[in-house]
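Shown here: coords20.txt, compact mmCIF, C-alpha atoms and all ligand atoms.
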# COMPACT_ATOMS: atom_id res chain seq x y z
CA MET D 264 0.66 12.80 10.97
CA PHE D 265 1.51 10.28 8.26
CA ILE D 266 -0.79 7.22 8.00
CA SER D 267 -0.57 4.37 5.49
CA PHE D 268 -2.99 1.59 4.54
CA GLU D 269 -1.63 -1.74 3.37
CA GLY D 270 -2.85 -5.19 2.44
CA ILE D 271 -3.47 -7.62 -0.40
CA ASP D 272 -5.30 -6.65 -3.58
CA GLY D 273 -9.01 -6.10 -2.94
CA CYS D 274 -8.77 -6.17 0.88
CA GLY D 275 -10.63 -2.84 1.13
CA LYS D 276 -7.75 -0.48 1.91
CA SER D 277 -8.78 2.22 -0.62
CA THR D 278 -12.29 2.25 0.88
CA GLN D 279 -10.88 2.50 4.42
CA ALA D 280 -8.31 5.17 3.51
CA ARG D 281 -11.14 7.27 2.04
CA LEU D 282 -13.44 6.71 5.04
CA LEU D 283 -10.68 7.69 7.48
CA ALA D 284 -9.79 10.79 5.44
CA ASP D 285 -13.49 11.81 5.38
CA ALA D 286 -13.83 11.26 9.14
CA LEU D 287 -10.70 13.30 9.94
CA ARG D 288 -11.84 16.13 7.64
CA ALA D 289 -15.23 16.11 9.39
CA GLU D 290 -13.28 16.75 12.61
CA GLY D 291 -11.67 19.81 10.98
CA ARG D 292 -8.28 18.36 10.03
CA ALA D 293 -6.64 19.15 6.69
CA VAL D 294 -6.05 15.78 5.05
CA VAL D 295 -4.21 14.80 1.87
CA LEU D 296 -5.49 11.43 0.60
CA THR D 297 -3.00 9.88 -1.77
CA ARG D 298 -1.86 6.52 -3.17
CA GLU D 299 1.03 4.42 -4.41
CA PRO D 300 2.26 3.77 -6.91
CA GLY D 301 1.33 7.34 -7.85
CA GLY D 302 0.30 10.34 -5.82
CA SER D 303 2.29 12.87 -7.90
CA PRO D 304 2.27 13.47 -11.68
CA GLY D 305 5.63 11.75 -12.24
CA ALA D 306 4.79 8.81 -10.00
CA GLU D 307 1.45 8.36 -11.78
CA GLU D 308 3.41 8.02 -15.03
CA ILE D 309 5.58 5.32 -13.45
CA ARG D 310 2.38 3.65 -12.19
CA ARG D 311 1.21 3.23 -15.77
CA LEU D 312 4.47 1.47 -16.65
CA LEU D 313 4.24 -0.83 -13.64
CA VAL D 314 0.63 -1.73 -12.98
CA GLU D 315 -0.71 -1.64 -16.50
CA GLY D 316 2.33 -3.37 -18.02
CA ALA D 317 2.05 -6.81 -19.58
CA GLY D 318 2.57 -10.00 -17.50
CA GLU D 319 6.33 -10.50 -17.08
CA ARG D 320 7.50 -7.16 -18.43
CA TRP D 321 9.72 -6.34 -15.43
CA SER D 322 11.88 -8.50 -13.19
CA ALA D 323 11.24 -8.20 -9.45
CA GLU D 324 14.54 -6.27 -9.17
CA THR D 325 13.47 -3.73 -11.81
CA GLU D 326 10.06 -3.41 -10.16
CA CYS D 327 11.81 -2.62 -6.90
CA LEU D 328 13.75 0.21 -8.58
CA LEU D 329 10.66 1.61 -10.33
CA PHE D 330 8.41 1.50 -7.24
CA THR D 331 11.20 3.20 -5.27
CA ALA D 332 11.62 5.89 -7.93
CA ALA D 333 7.87 6.54 -7.90
CA ARG D 334 7.91 6.72 -4.08
CA ARG D 335 10.78 9.21 -4.07
CA ASP D 336 8.82 11.55 -6.37
CA HIS D 337 5.64 11.06 -4.31
CA LEU D 338 7.59 11.87 -1.15
CA GLU D 339 9.24 14.99 -2.61
CA ARG D 340 6.21 16.42 -4.40
CA THR D 341 3.25 15.43 -2.24
CA ILE D 342 4.00 13.88 1.16
CA ARG D 343 6.77 16.10 2.51
CA PRO D 344 5.13 19.41 1.48
CA ALA D 345 1.81 18.33 3.05
CA LEU D 346 3.44 17.26 6.33
CA ALA D 347 5.48 20.47 6.40
CA ALA D 348 2.22 22.45 6.05
CA GLY D 349 0.81 20.63 9.08
CA GLN D 350 -1.59 18.45 7.07
CA THR D 351 -2.38 14.81 7.78
CA VAL D 352 -1.31 12.46 4.98
CA VAL D 353 -3.30 9.27 4.40
CA THR D 354 -1.75 7.05 1.74
CA ASP D 355 -3.13 3.92 0.10
CA ARG D 356 0.15 1.88 0.15
CA PHE D 357 3.73 2.94 0.91
CA ALA D 358 7.07 1.17 1.47
CA ASP D 359 5.57 -1.89 3.18
CA SER D 360 4.02 -2.87 -0.17
CA THR D 361 7.50 -3.09 -1.72
CA ARG D 362 8.75 -5.08 1.29
CA VAL D 363 5.96 -7.62 0.83
CA TYR D 364 5.34 -7.71 -2.96
CA GLN D 365 8.92 -7.40 -4.26
CA GLY D 366 10.78 -8.31 -1.06
CA ALA D 367 8.93 -11.51 -0.19
CA ALA D 368 6.12 -12.67 -2.50
CA ARG D 369 7.75 -12.18 -5.93
CA GLY D 370 11.22 -13.24 -4.83
CA ASP D 371 13.63 -13.18 -1.95
CA LEU D 372 14.65 -9.55 -2.42
CA ARG D 373 14.20 -8.09 1.03
CA ALA D 374 17.88 -7.06 1.32
CA LEU D 375 17.70 -5.12 -1.96
CA VAL D 376 14.38 -3.54 -0.95
CA ASP D 377 15.89 -2.39 2.36
CA ARG D 378 18.98 -0.94 0.67
CA MET D 379 16.87 0.97 -1.85
CA HIS D 380 14.62 2.25 0.92
CA ASP D 381 17.56 3.45 3.02
CA LEU D 382 19.17 5.11 0.00
CA ALA D 383 16.16 6.88 -1.51
CA ILE D 384 13.31 7.09 1.01
CA GLY D 385 14.43 6.85 4.63
CA VAL D 386 11.07 7.62 6.27
CA GLU D 387 8.22 5.49 7.58
CA PRO D 388 4.60 6.37 8.33
CA ASP D 389 3.73 7.18 11.95
CA LEU D 390 0.99 4.56 11.77
CA THR D 391 0.19 1.76 9.33
CA PHE D 392 -3.10 -0.13 9.12
CA VAL D 393 -2.81 -3.55 7.47
CA ILE D 394 -6.28 -4.66 6.40
CA ASP D 395 -6.18 -8.40 6.98
CA LEU D 396 -8.64 -10.30 4.78
CA ASP D 397 -8.85 -13.88 3.56
CA PRO D 398 -7.48 -13.85 -0.05
CA ALA D 399 -10.48 -15.77 -1.44
CA THR D 400 -12.86 -13.16 0.01
CA ALA D 401 -10.70 -10.35 -1.41
CA LEU D 402 -10.70 -12.02 -4.83
CA GLY D 403 -14.50 -12.36 -4.64
CA ARG D 404 -14.83 -8.63 -3.93
CA GLY D 405 -12.62 -7.89 -6.93
CA ILE D 406 -14.75 -10.08 -9.19
CA ALA D 407 -17.93 -8.41 -7.88
CA ARG D 408 -16.36 -5.00 -8.61
CA GLY D 409 -15.69 -6.05 -12.24
CA GLY D 410 -13.37 -4.13 -14.58
CA ALA D 411 -9.88 -5.01 -15.67
CA GLU D 412 -7.60 -6.82 -13.23
CA ASP D 413 -4.21 -5.26 -12.79
CA ARG D 414 -1.01 -7.18 -13.42
CA PHE D 415 -0.64 -8.17 -9.76
CA GLU D 416 -4.25 -9.17 -9.16
CA SER D 417 -3.93 -11.62 -12.07
CA LEU D 418 -1.09 -13.51 -10.30
CA GLY D 419 -3.58 -15.82 -8.54
CA LEU D 420 -4.69 -17.04 -5.14
CA ASP D 421 -1.38 -18.63 -4.07
CA PHE D 422 0.41 -15.34 -4.71
CA GLN D 423 -2.25 -13.47 -2.70
CA ARG D 424 -1.80 -16.00 0.15
CA ARG D 425 1.96 -15.33 0.22
CA LEU D 426 1.19 -11.62 0.29
CA ALA D 427 -1.28 -12.00 3.16
CA GLN D 428 1.36 -13.89 5.15
CA GLY D 429 3.93 -11.19 4.37
CA PHE D 430 1.62 -8.39 5.52
CA ARG D 431 0.84 -10.23 8.78
CA ALA D 432 4.58 -10.63 9.42
CA LEU D 433 4.98 -6.84 9.20
CA ALA D 434 2.93 -6.41 12.36
CA GLN D 435 5.52 -8.50 14.20
CA GLU D 436 8.47 -6.80 12.57
CA PHE D 437 7.23 -3.24 13.26
CA PRO D 438 4.98 -3.55 16.34
CA ALA D 439 5.27 0.15 17.27
CA ARG D 440 3.82 1.31 13.95
CA VAL D 441 1.82 -1.48 12.27
CA ARG D 442 -1.72 -2.39 13.38
CA LEU D 443 -3.39 -5.49 11.95
CA ILE D 444 -7.09 -4.78 11.33
CA ASP D 445 -9.68 -7.49 10.71
CA GLY D 446 -11.02 -6.62 7.23
CA SER D 447 -14.08 -8.88 7.33
CA GLY D 448 -17.63 -7.57 7.56
CA VAL D 449 -19.16 -4.41 6.14
CA ALA D 450 -17.00 -1.36 5.49
CA ASP D 451 -18.45 0.61 8.43
CA ASP D 452 -17.49 -2.19 10.86
CA VAL D 453 -13.92 -2.22 9.54
CA ALA D 454 -13.82 1.60 9.82
CA ALA D 455 -14.93 1.37 13.46
CA ARG D 456 -12.06 -1.05 14.20
CA ILE D 457 -9.64 1.42 12.62
CA ARG D 458 -11.00 4.34 14.66
CA ALA D 459 -10.67 2.25 17.82
CA ALA D 460 -7.04 1.47 16.97
CA LEU D 461 -6.33 5.13 16.14
N1 LIG D 501 -15.97 -4.28 3.91
C1 LIG D 501 -16.33 -4.50 2.64
N2 LIG D 501 -17.26 -5.44 2.35
C2 LIG D 501 -17.60 -5.70 1.06
N3 LIG D 501 -17.08 -5.07 -0.02
C3 LIG D 501 -16.14 -4.15 0.21
C4 LIG D 501 -15.71 -3.81 1.54
N4 LIG D 501 -14.75 -2.86 1.45
C5 LIG D 501 -14.59 -2.61 0.13
N5 LIG D 501 -15.43 -3.37 -0.61
C6 LIG D 501 -15.54 -3.42 -2.08
O1 LIG D 501 -14.52 -4.32 -2.52
C7 LIG D 501 -13.87 -3.81 -3.68
C8 LIG D 501 -12.38 -3.57 -3.35
O2 LIG D 501 -12.31 -2.54 -2.35
P1 LIG D 501 -11.14 -1.47 -2.35
O3 LIG D 501 -10.98 -0.86 -3.71
O4 LIG D 501 -11.38 -0.57 -1.21
O5 LIG D 501 -9.93 -2.43 -2.04
P2 LIG D 501 -8.38 -2.28 -2.30
O6 LIG D 501 -7.72 -3.09 -1.27
O7 LIG D 501 -8.01 -0.85 -2.37
O8 LIG D 501 -8.28 -2.94 -3.73
P3 LIG D 501 -7.12 -2.80 -4.84
O9 LIG D 501 -5.83 -3.03 -4.14
O10 LIG D 501 -7.46 -3.89 -5.79
O11 LIG D 501 -7.26 -1.43 -5.41
C9 LIG D 501 -14.62 -2.53 -4.06
O12 LIG D 501 -15.62 -2.87 -5.00
C10 LIG D 501 -15.24 -2.08 -2.75
O13 LIG D 501 -16.44 -1.33 -2.95
C1 LIG D 502 3.25 0.45 -3.91
C2 LIG D 502 3.42 -0.92 -4.50
C3 LIG D 502 2.38 -1.55 -5.16
N1 LIG D 502 2.55 -2.78 -5.68
C4 LIG D 502 1.41 -3.42 -6.38
C5 LIG D 502 0.28 -3.78 -5.48
C6 LIG D 502 -0.94 -3.69 -6.35
O1 LIG D 502 -1.17 -4.95 -6.93
C7 LIG D 502 -0.54 -2.68 -7.40
C8 LIG D 502 -1.18 -1.34 -7.12
O2 LIG D 502 -2.53 -1.44 -7.34
P1 LIG D 502 -3.64 -0.85 -6.33
O3 LIG D 502 -4.90 -1.42 -6.89
O4 LIG D 502 -3.58 0.64 -6.48
O5 LIG D 502 -3.35 -1.29 -4.95
O6 LIG D 502 0.87 -2.52 -7.31
C9 LIG D 502 3.77 -3.43 -5.58
O7 LIG D 502 3.92 -4.56 -6.08
N2 LIG D 502 4.80 -2.82 -4.92
C10 LIG D 502 4.67 -1.59 -4.38
O8 LIG D 502 5.66 -1.06 -3.80
Turn this file's structure into C-alpha cells for me.
Ligand SMILES: Nc1ncnc2c1ncn2[C@@H]1O[C@H](COP(=O)(O)OP(=O)(O)OP(=O)(O)O)[C@@H](O)[C@H]1O
Ligand SMILES: Cc1cn([C@H]2C[C@H](O)[C@@H](COP(=O)(O)O)O2)c(=O)[nH]c1=O
Amino acid sequence: MFISFEGIDGCGKSTQARLLADALRAEGRAVVLTREPGGSPGAEEIRRLLVEGAGERWSAETECLLFTAARRDHLERTIRPALAAGQTVVTDRFADSTRVYQGAARGDLRALVDRMHDLAIGVEPDLTFVIDLDPATALGRGIARGGAEDRFESLGLDFQRRLAQGFRALAQEFPARVRLIDGSGVADDVAARIRAAL
C-alpha cells in the first residue's frame, strides 16, 4: 500500500507520517517511511538545490521540473522497489504538493504540472491524508520549533492561506483517494482521526 501525507508547512504531516509508520510496524507490517523532495540519494541532492536555495533562485516552471525529476528518482529507487517487495510506503509529500505549490499557489501552472506528472511519474498513492490546519497555527508551531525556515516557509501567511485552500480543493478533485484530516489538537488526537479514516 502506498500512503502519502500532504498539507501546508508546519501542519504536522511529518509527525503524523512517523506515528502511522510506527503504528503499522507495531502491527507487524514492513513500512518504508520516506519524504519529498528527497527519499533517495539523488533526490536528496535535488532537495538541497530546491529547499535550501535562496529566495527567487528558481522560477515556478523550473521548480516544477526539478521537483518532478526528484520524484522520478524517488519512485525508481525507493518507492517502486518497496512496493514490489510487498512493503507499505508512507511518504511525507508526493505529487499533490507540486499540484498545490507550483500548480496553484506560486502561479497558474496546473496544466504544466499535469503534463510533467503524466510524462514522468504516472502513479498516485492509494490513500492521501491532507492535514488541514489553520495557517496561523501552523506558523506558530514552526516558530515554537525554532531553527532555520526553508525557502517556502518564508513566503508568508498569505501564501500559506493559498496553499491551505489548494490542499482542501484536492479532496474534492480526488474524493476516492484524498482524506481531509482535522490537524488541530494534540498529535495523538490527530493520529486517532487518521486511524479512523484508514
Ligand atoms: N498536533 C500537534 N500539536 C502541536 N505541535 C505539533 C503537533 N504536531 C506536530 N507538532 C510540532 O509542530 C512542528 C511541525 O510539525 P511537523 O514537522 O510534523 O510538521 P510538518 O508539516 O512536517 O512541517 P514542515 O512541512 O515544515 O516540515 C514540530 O515542532 C512538531 O513537533
Ligand atoms: C514535494 C514538494 C515540496 N514543495 C515544498 C513544500 C515545502 O515547503 C518544501 C519541503 O519542505 P518540508 O519541510 O520537507 O515539507 O518544499 C514544493 O513546493 N513542491 C513539491 O512538489
Env of Ala383 (chain D): 8 Å cut, atoms = only C-alpha atoms, seq-sep filter 6 positions within chain, self excluded. Answer as a CSV table (one decimal) with C-alpha atoms, keeping the file's coordinate frame.
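Output contents, as saved in out_15.csv:
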chain,number,residue,atom,x,y,z
D,331,THR,CA,11.2,3.2,-5.3
D,332,ALA,CA,11.6,5.9,-7.9
D,335,ARG,CA,10.8,9.2,-4.1
Could you put an axis-aligned box around every listed atom of ligand LIG 501 (chain D), padded by 5 Å on each side, and send me its centre and edge lengths in Å to one decimal, as JSON?
{"center_x": -11.7, "center_y": -3.1, "center_z": -0.9, "size_x": 21.8, "size_y": 15.1, "size_z": 19.7}
Exercise. Choose the residue, out of D:Gly270, D:Gly405, D:Glu339, D:Gln350, that has the smallest atom-to-atom separation from Ile384 (chain D); count all atoms listed in the file.
Key: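 Between D:Gly270, D:Gly405, D:Glu339, D:Gln350, the residue approaching Ile384 (chain D) most closely is D:Glu339.
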Practice problem: Dump the neighbourhood of ligand LIG 502 (chain D) as a PyMOL selection string: all residues within 10 Å, distances computed on all atoms listed in the file. | Solution: chain D and resi 268-277+298-301+310+313-315+323+326-331+333-334+355-366+368-369+376+412-418+423+426
Exercise. Work out how far apart CA of Phe392 (chain D) and CA of Trp321 (chain D) are and give it in Å to one decimal.
Key: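 If I compute the distance from CA of Phe392 (chain D) to CA of Trp321 (chain D), I get 28.4 Å.
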Quiz item: Between D:Ala459, D:Leu396, D:Ala286, D:Ile309, which one has atoms that come closest to ligand LIG 501 (chain D), using only C-alpha atoms and all ligand atoms?
Solution: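 Closest candidate: D:Leu396.
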Quiz item: What is the atom O5 of ligand LIG 501 (chain D)-CA of Arg404 (chain D) distance in Å, reported with one decimal?
Solution: 8.1 Å
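Within 10 Å of Gly446 (chain D), once only C-alpha atoms are used and residues closer than 6 positions along the same chain are dropped, the contacting residues are D:Gly270, D:Cys274, D:Gly275, D:Lys276, D:Gln279, D:Val393, D:Ile394, D:Asp395, D:Leu396, D:Asp397, D:Thr400, D:Ala401, D:Asp452, D:Val453, D:Ala454, D:Arg456, D:Ile457.
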Quiz prompt | Point-to-point distance in Å for CA of Ser267 (chain D) and CA of Asp285 (chain D) | solution = 14.9 Å
Exercise. Choose the residue, out of D:Pro438, D:Gly403, D:Gly305, D:Gly291, that has the smallest atom-to-atom separation from ligand LIG 501 (chain D); count only C-alpha atoms and all ligand atoms.
Key: D:Gly403
Exercise. Rank nothing, just name the residue among D:Arg373, D:Arg458, D:Arg431, D:His380 nearest to Ala280 (chain D), using all atoms listed in the file.
Key: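 Ranking D:Arg373, D:Arg458, D:Arg431, D:His380 by distance to Ala280 (chain D), first place goes to D:Arg458.
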Practice problem: Would you kindly return, as a VMD selection string, each protein, DNA or RNA residue with an atom no farther than 8 Å from any atom of Leu420 (chain D), considering only C-alpha atoms and excluding same-chain residues fewer than 3 positions away? | Solution: chain D and resid 398 to 399 402 423 to 424
Practice problem: List the neighbours of Ala455 (chain D) out to 10 Å using all atoms listed in the file; skip same-chain residues closer than 5 positions along the sequence, and give me the result as a count of residues only. | Solution: 5
Quiz item: Pick from D:Ala374, D:Glu319, D:Thr278, D:Ala289: nearest to ligand LIG 501 (chain D), with only C-alpha atoms and all ligand atoms counted?
Solution: D:Thr278
Exercise. Counting only C-alpha atoms and all ligand atoms, figure out which residue out of D:Ala427, D:Ala434, D:Leu346, D:Met264 gets nearest to ligand LIG 501 (chain D).
Key: D:Ala427
Quiz item: Need the neighbours of (6.2, 15.8, 4.4): which residues are at most 12 Å away, counting only C-alpha atoms, as a count of residues only?
Solution: 28
Fill-in result for region 416-452 of chain D, N, CA and C atoms as a compact mmCIF listing (two decimals), in the coordinates of the input:
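Written output follows (selection16.txt):
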# COMPACT_ATOMS: atom_id res chain seq x y z
N GLU D 416 -3.05 -8.43 -9.53
CA GLU D 416 -4.25 -9.17 -9.16
C GLU D 416 -4.37 -10.45 -9.98
N SER D 417 -3.79 -10.45 -11.20
CA SER D 417 -3.93 -11.62 -12.07
C SER D 417 -2.92 -12.71 -11.69
N LEU D 418 -2.10 -12.51 -10.65
CA LEU D 418 -1.09 -13.51 -10.30
C LEU D 418 -1.65 -14.70 -9.51
N GLY D 419 -2.92 -14.64 -9.10
CA GLY D 419 -3.58 -15.82 -8.54
C GLY D 419 -3.62 -15.90 -7.03
N LEU D 420 -4.40 -16.90 -6.57
CA LEU D 420 -4.69 -17.04 -5.14
C LEU D 420 -3.46 -17.40 -4.31
N ASP D 421 -2.57 -18.26 -4.84
CA ASP D 421 -1.38 -18.63 -4.07
C ASP D 421 -0.50 -17.41 -3.83
N PHE D 422 -0.38 -16.57 -4.85
CA PHE D 422 0.41 -15.34 -4.71
C PHE D 422 -0.22 -14.45 -3.65
N GLN D 423 -1.56 -14.32 -3.68
CA GLN D 423 -2.25 -13.47 -2.70
C GLN D 423 -2.08 -14.05 -1.28
N ARG D 424 -2.02 -15.38 -1.18
CA ARG D 424 -1.80 -16.00 0.15
C ARG D 424 -0.41 -15.67 0.67
N ARG D 425 0.59 -15.71 -0.21
CA ARG D 425 1.96 -15.33 0.22
C ARG D 425 1.99 -13.87 0.66
N LEU D 426 1.26 -13.04 -0.09
CA LEU D 426 1.19 -11.62 0.29
C LEU D 426 0.56 -11.46 1.67
N ALA D 427 -0.57 -12.15 1.88
CA ALA D 427 -1.28 -12.00 3.16
C ALA D 427 -0.36 -12.38 4.32
N GLN D 428 0.40 -13.45 4.13
CA GLN D 428 1.36 -13.89 5.15
C GLN D 428 2.42 -12.81 5.37
N GLY D 429 2.91 -12.24 4.29
CA GLY D 429 3.93 -11.19 4.37
C GLY D 429 3.42 -9.96 5.10
N PHE D 430 2.17 -9.57 4.84
CA PHE D 430 1.62 -8.39 5.52
C PHE D 430 1.43 -8.68 7.02
N ARG D 431 0.99 -9.91 7.34
CA ARG D 431 0.84 -10.23 8.78
C ARG D 431 2.19 -10.16 9.48
N ALA D 432 3.23 -10.63 8.80
CA ALA D 432 4.58 -10.63 9.42
C ALA D 432 5.06 -9.21 9.72
N LEU D 433 4.57 -8.23 8.95
CA LEU D 433 4.98 -6.84 9.20
C LEU D 433 4.58 -6.36 10.59
N ALA D 434 3.41 -6.84 11.05
CA ALA D 434 2.93 -6.41 12.36
C ALA D 434 3.88 -6.88 13.46
N GLN D 435 4.54 -8.02 13.21
CA GLN D 435 5.52 -8.50 14.20
C GLN D 435 6.84 -7.79 14.06
N GLU D 436 7.18 -7.46 12.80
CA GLU D 436 8.47 -6.80 12.57
C GLU D 436 8.47 -5.34 13.05
N PHE D 437 7.33 -4.66 12.89
CA PHE D 437 7.23 -3.24 13.26
C PHE D 437 6.07 -3.02 14.23
N PRO D 438 6.14 -3.60 15.43
CA PRO D 438 4.98 -3.55 16.34
C PRO D 438 4.63 -2.13 16.79
N ALA D 439 5.58 -1.21 16.80
CA ALA D 439 5.27 0.15 17.27
C ALA D 439 4.42 0.92 16.27
N ARG D 440 4.46 0.53 15.01
CA ARG D 440 3.82 1.31 13.95
C ARG D 440 2.68 0.58 13.25
N VAL D 441 2.77 -0.74 13.12
CA VAL D 441 1.82 -1.48 12.27
C VAL D 441 0.70 -2.09 13.10
N ARG D 442 -0.55 -1.80 12.72
CA ARG D 442 -1.72 -2.39 13.38
C ARG D 442 -2.44 -3.30 12.38
N LEU D 443 -2.67 -4.54 12.78
CA LEU D 443 -3.39 -5.49 11.95
C LEU D 443 -4.88 -5.31 12.22
N ILE D 444 -5.66 -5.03 11.16
CA ILE D 444 -7.09 -4.78 11.33
C ILE D 444 -7.88 -5.88 10.62
N ASP D 445 -8.81 -6.48 11.31
CA ASP D 445 -9.68 -7.49 10.71
C ASP D 445 -10.52 -6.81 9.61
N GLY D 446 -10.34 -7.26 8.37
CA GLY D 446 -11.02 -6.62 7.23
C GLY D 446 -12.34 -7.25 6.87
N SER D 447 -12.81 -8.21 7.69
CA SER D 447 -14.08 -8.88 7.33
C SER D 447 -15.27 -8.03 7.79
N GLY D 448 -16.41 -8.31 7.20
CA GLY D 448 -17.63 -7.57 7.56
C GLY D 448 -17.81 -6.34 6.69
N VAL D 449 -18.86 -5.58 6.98
CA VAL D 449 -19.16 -4.41 6.14
C VAL D 449 -18.14 -3.30 6.40
N ALA D 450 -18.04 -2.40 5.44
CA ALA D 450 -17.00 -1.36 5.49
C ALA D 450 -17.09 -0.51 6.77
N ASP D 451 -18.31 -0.23 7.22
CA ASP D 451 -18.45 0.61 8.43
C ASP D 451 -17.90 -0.11 9.67
N ASP D 452 -18.04 -1.43 9.71
CA ASP D 452 -17.49 -2.19 10.86
C ASP D 452 -15.96 -2.14 10.84
